[in-house]
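With mmCIF, C-alpha atoms inside, this is final-v4.cif:
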data_query
#
loop_
_atom_site.group_PDB
_atom_site.id
_atom_site.type_symbol
_atom_site.label_atom_id
_atom_site.label_comp_id
_atom_site.auth_asym_id
_atom_site.auth_seq_id
_atom_site.Cartn_x
_atom_site.Cartn_y
_atom_site.Cartn_z
ATOM 1 C CA MET A 1 85.761 -35.692 12.487
ATOM 2 C CA GLN A 2 82.860 -37.939 13.441
ATOM 3 C CA THR A 3 80.164 -36.449 15.676
ATOM 4 C CA ARG A 4 80.232 -37.743 19.245
ATOM 5 C CA LEU A 5 78.488 -34.954 21.180
ATOM 6 C CA ILE A 6 75.084 -33.433 20.352
ATOM 7 C CA ILE A 7 74.022 -30.210 22.078
ATOM 8 C CA PHE A 8 70.292 -29.551 21.791
ATOM 9 C CA ASP A 9 68.327 -26.397 22.331
ATOM 10 C CA PHE A 10 65.202 -27.086 24.394
ATOM 11 C CA ASP A 11 62.289 -24.737 23.613
ATOM 12 C CA GLY A 12 61.103 -25.278 20.057
ATOM 13 C CA THR A 13 63.560 -28.110 19.467
ATOM 14 C CA LEU A 14 62.851 -30.835 22.025
ATOM 15 C CA GLY A 15 59.972 -29.299 23.953
ATOM 16 C CA ASP A 16 56.854 -27.807 22.398
ATOM 17 C CA THR A 17 56.534 -24.869 24.782
ATOM 18 C CA ARG A 18 55.445 -22.132 22.364
ATOM 19 C CA ARG A 19 51.923 -21.885 23.794
ATOM 20 C CA ASN A 20 53.298 -21.772 27.357
ATOM 21 C CA ILE A 21 55.798 -19.060 26.504
ATOM 22 C CA VAL A 22 53.583 -16.841 24.364
ATOM 23 C CA THR A 23 50.604 -17.088 26.728
ATOM 24 C CA THR A 24 52.798 -16.240 29.706
ATOM 25 C CA MET A 25 54.421 -13.311 27.905
ATOM 26 C CA GLN A 26 51.060 -11.860 26.957
ATOM 27 C CA MET A 27 49.683 -12.353 30.476
ATOM 28 C CA THR A 28 52.780 -10.652 31.903
ATOM 29 C CA ILE A 29 52.367 -7.715 29.533
ATOM 30 C CA GLY A 30 48.696 -7.461 30.477
ATOM 31 C CA GLU A 31 49.315 -7.617 34.207
ATOM 32 C CA LEU A 32 51.913 -4.832 33.974
ATOM 33 C CA MET A 33 49.584 -2.807 31.713
ATOM 34 C CA LEU A 34 52.100 -2.544 28.887
ATOM 35 C CA GLU A 35 51.285 -2.132 25.215
ATOM 36 C CA PRO A 36 50.039 -5.497 23.885
ATOM 37 C CA ARG A 37 52.274 -7.633 21.690
ATOM 38 C CA SER A 38 51.102 -10.207 19.149
ATOM 39 C CA GLU A 39 51.788 -13.930 19.256
ATOM 40 C CA ALA A 40 54.248 -13.508 16.391
ATOM 41 C CA ASP A 41 56.073 -10.712 18.234
ATOM 42 C CA CYS A 42 56.406 -12.847 21.365
ATOM 43 C CA ALA A 43 57.388 -16.020 19.515
ATOM 44 C CA ALA A 44 60.130 -14.184 17.631
ATOM 45 C CA THR A 45 61.978 -13.657 20.930
ATOM 46 C CA ILE A 46 62.049 -17.337 21.914
ATOM 47 C CA GLY A 47 65.643 -18.456 22.331
ATOM 48 C CA LEU A 48 66.786 -15.237 23.951
ATOM 49 C CA PRO A 49 67.379 -14.974 27.704
ATOM 50 C CA LEU A 50 64.191 -13.886 29.426
ATOM 51 C CA ASP A 51 65.317 -10.319 30.030
ATOM 52 C CA GLY A 52 66.401 -10.181 26.394
ATOM 53 C CA CYS A 53 62.919 -11.237 25.301
ATOM 54 C CA PHE A 54 61.298 -8.312 27.071
ATOM 55 C CA ARG A 55 64.084 -5.967 25.991
ATOM 56 C CA ALA A 56 63.358 -6.933 22.380
ATOM 57 C CA LEU A 57 59.626 -6.360 22.889
ATOM 58 C CA PHE A 58 60.081 -3.075 24.770
ATOM 59 C CA PRO A 59 63.448 -1.607 23.718
ATOM 60 C CA GLU A 60 62.801 1.733 25.430
ATOM 61 C CA ALA A 61 61.829 0.224 28.786
ATOM 62 C CA PRO A 62 64.052 0.985 31.790
ATOM 63 C CA SER A 63 65.950 -1.841 33.454
ATOM 64 C CA THR A 64 63.652 -1.734 36.482
ATOM 65 C CA LEU A 65 60.648 -2.516 34.271
ATOM 66 C CA ILE A 66 62.483 -5.323 32.469
ATOM 67 C CA GLU A 67 63.265 -6.830 35.878
ATOM 68 C CA ARG A 68 59.579 -6.623 36.856
ATOM 69 C CA CYS A 69 58.674 -8.330 33.581
ATOM 70 C CA THR A 70 61.019 -11.253 34.198
ATOM 71 C CA GLU A 71 59.879 -11.714 37.792
ATOM 72 C CA THR A 72 56.225 -11.592 36.777
ATOM 73 C CA TYR A 73 56.805 -13.952 33.855
ATOM 74 C CA ARG A 74 58.468 -16.601 36.038
ATOM 75 C CA ARG A 75 55.593 -16.517 38.525
ATOM 76 C CA ILE A 76 52.913 -16.771 35.850
ATOM 77 C CA PHE A 77 54.804 -19.464 33.925
ATOM 78 C CA GLU A 78 54.840 -21.719 37.000
ATOM 79 C CA GLU A 79 51.116 -21.117 37.481
ATOM 80 C CA ASN A 80 50.363 -21.847 33.820
ATOM 81 C CA LEU A 81 52.217 -25.165 33.954
ATOM 82 C CA LYS A 82 49.302 -26.494 35.987
ATOM 83 C CA THR A 83 46.928 -26.104 33.033
ATOM 84 C CA ILE A 84 49.145 -25.781 29.934
ATOM 85 C CA LYS A 85 51.299 -28.888 29.758
ATOM 86 C CA PRO A 86 54.365 -28.810 27.474
ATOM 87 C CA GLN A 87 54.942 -31.862 25.288
ATOM 88 C CA THR A 88 57.899 -33.240 23.417
ATOM 89 C CA PHE A 89 57.767 -32.923 19.656
ATOM 90 C CA PRO A 90 56.978 -36.083 17.667
ATOM 91 C CA GLY A 91 59.862 -38.527 17.530
ATOM 92 C CA VAL A 92 61.977 -36.820 20.182
ATOM 93 C CA THR A 93 61.982 -39.597 22.772
ATOM 94 C CA GLU A 94 62.466 -42.331 20.194
ATOM 95 C CA THR A 95 65.331 -40.487 18.490
ATOM 96 C CA LEU A 96 67.101 -39.676 21.748
ATOM 97 C CA THR A 97 66.783 -43.326 22.733
ATOM 98 C CA THR A 98 68.447 -44.456 19.505
ATOM 99 C CA LEU A 99 71.176 -41.817 19.669
ATOM 100 C CA LYS A 100 72.086 -42.791 23.214
ATOM 101 C CA GLN A 101 72.107 -46.473 22.264
ATOM 102 C CA ARG A 102 74.519 -45.613 19.456
ATOM 103 C CA GLY A 103 76.914 -44.037 21.925
ATOM 104 C CA PHE A 104 76.321 -40.325 21.408
ATOM 105 C CA THR A 105 76.583 -38.001 24.394
ATOM 106 C CA LEU A 106 73.479 -35.796 24.532
ATOM 107 C CA THR A 107 73.239 -32.440 26.291
ATOM 108 C CA ILE A 108 71.040 -29.337 26.343
ATOM 109 C CA ALA A 109 72.030 -25.643 26.166
ATOM 110 C CA SER A 110 69.045 -23.382 26.747
ATOM 111 C CA SER A 111 68.222 -19.734 27.393
ATOM 112 C CA ARG A 112 65.837 -20.994 30.076
ATOM 113 C CA TRP A 113 67.012 -20.795 33.698
ATOM 114 C CA HIS A 114 68.678 -23.981 34.905
ATOM 115 C CA ARG A 115 66.037 -24.890 37.491
ATOM 116 C CA SER A 116 63.196 -24.553 34.989
ATOM 117 C CA LEU A 117 65.169 -26.460 32.353
ATOM 118 C CA ASP A 118 65.915 -29.272 34.795
ATOM 119 C CA GLU A 119 62.277 -29.523 35.880
ATOM 120 C CA LEU A 120 60.879 -29.551 32.345
ATOM 121 C CA THR A 121 63.462 -32.064 31.145
ATOM 122 C CA ARG A 122 62.548 -34.335 34.038
ATOM 123 C CA ASP A 123 58.779 -33.850 33.633
ATOM 124 C CA LEU A 124 58.959 -34.724 29.926
ATOM 125 C CA GLY A 125 60.929 -37.903 30.637
ATOM 126 C CA LEU A 126 64.095 -36.709 28.895
ATOM 127 C CA SER A 127 66.456 -36.730 31.884
ATOM 128 C CA PRO A 128 67.691 -40.311 31.328
ATOM 129 C CA PHE A 129 69.110 -39.293 27.951
ATOM 130 C CA ILE A 130 70.764 -36.013 28.923
ATOM 131 C CA ALA A 131 74.293 -35.956 30.316
ATOM 132 C CA TYR A 132 74.640 -32.226 30.948
ATOM 133 C CA LEU A 133 72.469 -29.096 31.129
ATOM 134 C CA VAL A 134 73.437 -25.472 30.596
ATOM 135 C CA GLY A 135 70.846 -22.849 31.501
ATOM 136 C CA ALA A 136 70.876 -19.095 31.089
ATOM 137 C CA ASN A 137 72.129 -18.505 34.617
ATOM 138 C CA ASP A 138 75.019 -20.947 34.145
ATOM 139 C CA VAL A 139 76.859 -18.627 31.745
ATOM 140 C CA GLN A 140 77.906 -15.004 31.520
ATOM 141 C CA GLN A 141 77.253 -14.683 27.777
ATOM 142 C CA ALA A 142 73.984 -15.853 26.201
ATOM 143 C CA LYS A 143 73.337 -17.240 22.738
ATOM 144 C CA PRO A 144 74.561 -16.486 20.082
ATOM 145 C CA HIS A 145 77.791 -16.219 22.093
ATOM 146 C CA PRO A 146 79.554 -19.611 22.089
ATOM 147 C CA GLU A 147 79.940 -19.786 25.880
ATOM 148 C CA PRO A 148 77.137 -22.380 26.422
ATOM 149 C CA VAL A 149 78.828 -24.693 23.906
ATOM 150 C CA LEU A 150 82.335 -24.023 25.209
ATOM 151 C CA LYS A 151 81.207 -24.667 28.788
ATOM 152 C CA THR A 152 79.769 -28.024 27.711
ATOM 153 C CA LEU A 153 82.921 -28.976 25.814
ATOM 154 C CA GLU A 154 85.092 -28.141 28.804
ATOM 155 C CA ALA A 155 82.891 -30.058 31.246
ATOM 156 C CA LEU A 156 82.626 -33.208 29.120
ATOM 157 C CA HIS A 157 86.045 -33.096 27.410
ATOM 158 C CA PHE A 158 84.956 -32.990 23.787
ATOM 159 C CA SER A 159 86.253 -30.878 20.930
ATOM 160 C CA ALA A 160 84.148 -28.561 18.794
ATOM 161 C CA GLU A 161 85.043 -30.631 15.733
ATOM 162 C CA GLU A 162 83.160 -33.639 17.124
ATOM 163 C CA THR A 163 80.125 -31.608 18.218
ATOM 164 C CA LEU A 164 76.775 -30.955 16.564
ATOM 165 C CA VAL A 165 74.491 -28.164 17.821
ATOM 166 C CA VAL A 166 70.776 -28.671 17.097
ATOM 167 C CA GLY A 167 68.255 -25.849 17.435
ATOM 168 C CA ASP A 168 65.245 -24.063 16.003
ATOM 169 C CA MET A 169 66.441 -20.455 16.087
ATOM 170 C CA PRO A 170 69.229 -18.504 14.359
ATOM 171 C CA VAL A 171 70.835 -17.839 17.757
ATOM 172 C CA ASP A 172 71.321 -21.611 18.186
ATOM 173 C CA ILE A 173 72.999 -21.928 14.790
ATOM 174 C CA LEU A 174 75.208 -18.911 15.412
ATOM 175 C CA MET A 175 76.141 -20.164 18.884
ATOM 176 C CA GLY A 176 77.336 -23.456 17.425
ATOM 177 C CA ALA A 177 79.156 -21.863 14.521
ATOM 178 C CA ASN A 178 80.846 -19.337 16.806
ATOM 179 C CA ALA A 179 82.203 -22.259 18.849
ATOM 180 C CA GLY A 180 83.462 -24.051 15.729
ATOM 181 C CA ALA A 181 80.850 -26.832 15.912
ATOM 182 C CA LYS A 182 78.656 -28.224 13.158
ATOM 183 C CA THR A 183 75.034 -27.090 13.240
ATOM 184 C CA CYS A 184 71.596 -28.487 12.422
ATOM 185 C CA GLY A 185 68.421 -26.428 12.274
ATOM 186 C CA VAL A 186 64.972 -27.910 12.874
ATOM 187 C CA SER A 187 62.060 -26.647 10.806
ATOM 188 C CA TRP A 188 59.266 -27.336 13.327
ATOM 189 C CA GLY A 189 60.249 -24.652 15.831
ATOM 190 C CA ASN A 190 59.926 -20.893 16.018
ATOM 191 C CA ALA A 191 62.031 -19.779 13.042
ATOM 192 C CA THR A 192 61.605 -20.357 9.333
ATOM 193 C CA ARG A 193 63.800 -22.543 7.142
ATOM 194 C CA GLU A 194 64.994 -19.379 5.385
ATOM 195 C CA GLU A 195 66.076 -17.807 8.688
ATOM 196 C CA LEU A 196 68.019 -20.941 9.607
ATOM 197 C CA LEU A 197 69.695 -21.015 6.203
ATOM 198 C CA GLN A 198 70.641 -17.361 6.513
ATOM 199 C CA ALA A 199 72.203 -18.116 9.898
ATOM 200 C CA GLY A 200 74.428 -20.689 8.175
ATOM 201 C CA ALA A 201 72.992 -24.035 9.312
ATOM 202 C CA ASP A 202 75.022 -26.978 7.997
ATOM 203 C CA HIS A 203 71.887 -29.152 7.948
ATOM 204 C CA ILE A 204 68.151 -28.613 8.303
ATOM 205 C CA ILE A 205 65.768 -31.420 9.264
ATOM 206 C CA ASP A 206 61.981 -31.583 9.060
ATOM 207 C CA THR A 207 61.414 -34.503 11.451
ATOM 208 C CA MET A 208 63.382 -35.538 14.508
ATOM 209 C CA ASP A 209 64.301 -38.957 13.171
ATOM 210 C CA GLU A 210 66.151 -37.327 10.260
ATOM 211 C CA LEU A 211 68.817 -36.441 12.825
ATOM 212 C CA LEU A 212 69.881 -40.087 12.817
ATOM 213 C CA ALA A 213 71.018 -39.763 9.208
ATOM 214 C CA VAL A 214 72.770 -36.445 9.898
ATOM 215 C CA CYS A 215 74.733 -38.118 12.689
ATOM 216 C CA SER A 216 75.479 -41.305 10.782
ATOM 217 C CA PRO A 217 79.208 -41.901 10.187
ATOM 218 C CA ASP A 218 78.263 -42.757 6.598
ATOM 219 C CA ALA A 219 76.389 -39.493 6.025
ATOM 220 C CA GLN A 220 77.578 -37.607 2.973
ATOM 221 C CA GLU A 221 78.135 -33.858 3.018
ATOM 222 C CA GLN A 222 75.021 -32.179 1.619
ATOM 223 C CA PRO A 223 73.950 -28.577 1.245
ATOM 224 C CA ALA A 224 71.795 -27.270 4.099
ATOM 225 C CA GLY A 225 68.120 -27.871 3.532
ATOM 226 C CA ILE A 226 68.505 -31.303 1.921
#
Representation of the structure as structure tokens:
Amino acid sequence: MQTRLIIFDFDGTLGDTRRNIVTTMQMTIGELMLEPRSEADCAATIGLPLDGCFRALFPEAPSTLIERCTETYRRIFEENLKTIKPQTFPGVTETLTTLKQRGFTLTIASSRWHRSLDELTRDLGLSPFIAYLVGANDVQQAKPHPEPVLKTLEALHFSAEETLVVGDMPVDILMGANAGAKTCGVSWGNATREELLQAGADHIIDTMDELLAVCSPDAQEQPAGI
């Protein structure tokens, strides 16, 4: 069935927020006097809900400490936005413009809280293209559970068979696959091509404009990575 709905991840897919996220994580860890974590350690958690990020970094930490981490992170992230400005990745705005002109419905499903997702989407000039947002606090089950996709399908009255999920992390690919949607990994984010292939991505793209070919009604079925 032809693709009509595209569900994007945000961090690492549309928005280049790695520096914001990693810097804020490391500042949070420092403020709470926890054992330092490397940039690679922090970046590997991107795509998880915020409490899941700190749980992955500190698996033995009690829930009270994880809660302090998330509260501290949100405060510092807002402060850092004044000096560390996220940007869209190359070709994002142009590709979203073309996709919308071609009649695709575009949405975002993120592990970021809804308010933060809404603000960043608006600040980066992406709001005019996006029909629906799902943030971490809009669902009970986070990625890779299919709930963010299923919630979007229910709200906008699409089927999984006409949906493409686009993201940079294995949890995005698994979320889409678990909902029965097609999936497309992006190689410029926070996971490797090999990790996306192992997650089962139907397609992998290296530049945003390659998504136009993936979504073309004339596109031929190709192995992931081509």
With the PyMOL selection byres ((chain A and resi 114) around 12) as the selection, what would be picked from this file? Answer as number ranges by chain, please. A: 10, 49, 108-113, 115-121, 132-139
In terms of the shortest atom-to-atom distance over only C-alpha atoms, which of A:Gln87, A:Thr3, A:Gln198, A:Thr183 is closest to A:Leu99? A:Thr3
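Candidate residues A:Asp172, A:Glu94, A:Asp11, A:Glu195 were compared for distance to A:Glu210, and the nearest is A:Glu94, using only C-alpha atoms.
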So that I can check the surroundings of stretch 200-204 of chain A, please list as a PyMOL selection string every protein, DNA and RNA residue that reaches within 12 Å of it, counting all atoms listed in the file and ignoring chain neighbours fewer than 6 positions away. chain A and resi 164-178+180-189+191-194+210-211+213-215+219-226
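Among the candidates A:Cys69, A:Met208, A:Ala155, A:Cys53, the one nearest to A:Met27 when counting all atoms listed in the file is A:Cys69.
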Got a sec to resolve the PyMOL selection byres ((chain A and resi 40) around 12) on this structure and send the residues as number ranges by chain? A: 18-19, 21-23, 25-26, 36-39, 41-46, 57, 190-191
What is the atom CA of A:Phe89-atom CA of A:Asp16 distance in Å, reported with one decimal?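 Atom-to-atom, atom CA of A:Phe89 and atom CA of A:Asp16 are spaced 5.9 Å apart.
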Counting all atoms listed in the file, which of A:Leu124, A:Ile205, A:Ile7, A:Ala199 gets nearest to A:Phe104?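 Ranked by minimum distance to A:Phe104, first place goes to A:Ile7.
Atom CA of A:Ile6 sits 28.1 Å away from atom CA of A:Phe77.
Evaluated against the shown file, the PyMOL selection byres ((chain A and resi 129) around 10) gives A:Thr93, A:Leu96, A:Thr97, A:Thr98, A:Leu99, A:Lys100, A:Gln101, A:Phe104, A:Thr105, A:Leu106, A:Thr107, A:Thr121, A:Gly125, A:Leu126, A:Ser127, A:Pro128, A:Ile130, A:Ala131, A:Tyr132.
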Kindly export the residues of the current selection with C-alpha atoms, as a short mmCIF file (atom, residue, chain, number, x, y, z; two decimals), in the coordinates of the input.
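File again.cif, as written:
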data_model
loop_
_atom_site.label_atom_id
_atom_site.label_comp_id
_atom_site.auth_asym_id
_atom_site.auth_seq_id
_atom_site.Cartn_x
_atom_site.Cartn_y
_atom_site.Cartn_z
CA THR A 93 61.98 -39.60 22.77
CA LEU A 96 67.10 -39.68 21.75
CA THR A 97 66.78 -43.33 22.73
CA THR A 98 68.45 -44.46 19.50
CA LEU A 99 71.18 -41.82 19.67
CA LYS A 100 72.09 -42.79 23.21
CA GLN A 101 72.11 -46.47 22.26
CA PHE A 104 76.32 -40.33 21.41
CA THR A 105 76.58 -38.00 24.39
CA LEU A 106 73.48 -35.80 24.53
CA THR A 107 73.24 -32.44 26.29
CA THR A 121 63.46 -32.06 31.14
CA GLY A 125 60.93 -37.90 30.64
CA LEU A 126 64.10 -36.71 28.90
CA SER A 127 66.46 -36.73 31.88
CA PRO A 128 67.69 -40.31 31.33
CA ILE A 130 70.76 -36.01 28.92
CA ALA A 131 74.29 -35.96 30.32
CA TYR A 132 74.64 -32.23 30.95
#
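Taking atom CA of A:Glu78 and atom CA of A:Asp51 as the two end points, the separation is 17.0 Å.
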Rank nothing, just name the residue among A:Val92, A:Gln2, A:Ala142, A:Ala179 nearest to A:Leu50, using all atoms listed in the file. A:Ala142
I'd like to know which of A:Thr95, A:Thr24, A:Leu153, A:Lys143 is closest to A:Asp209, using only C-alpha atoms. A:Thr95
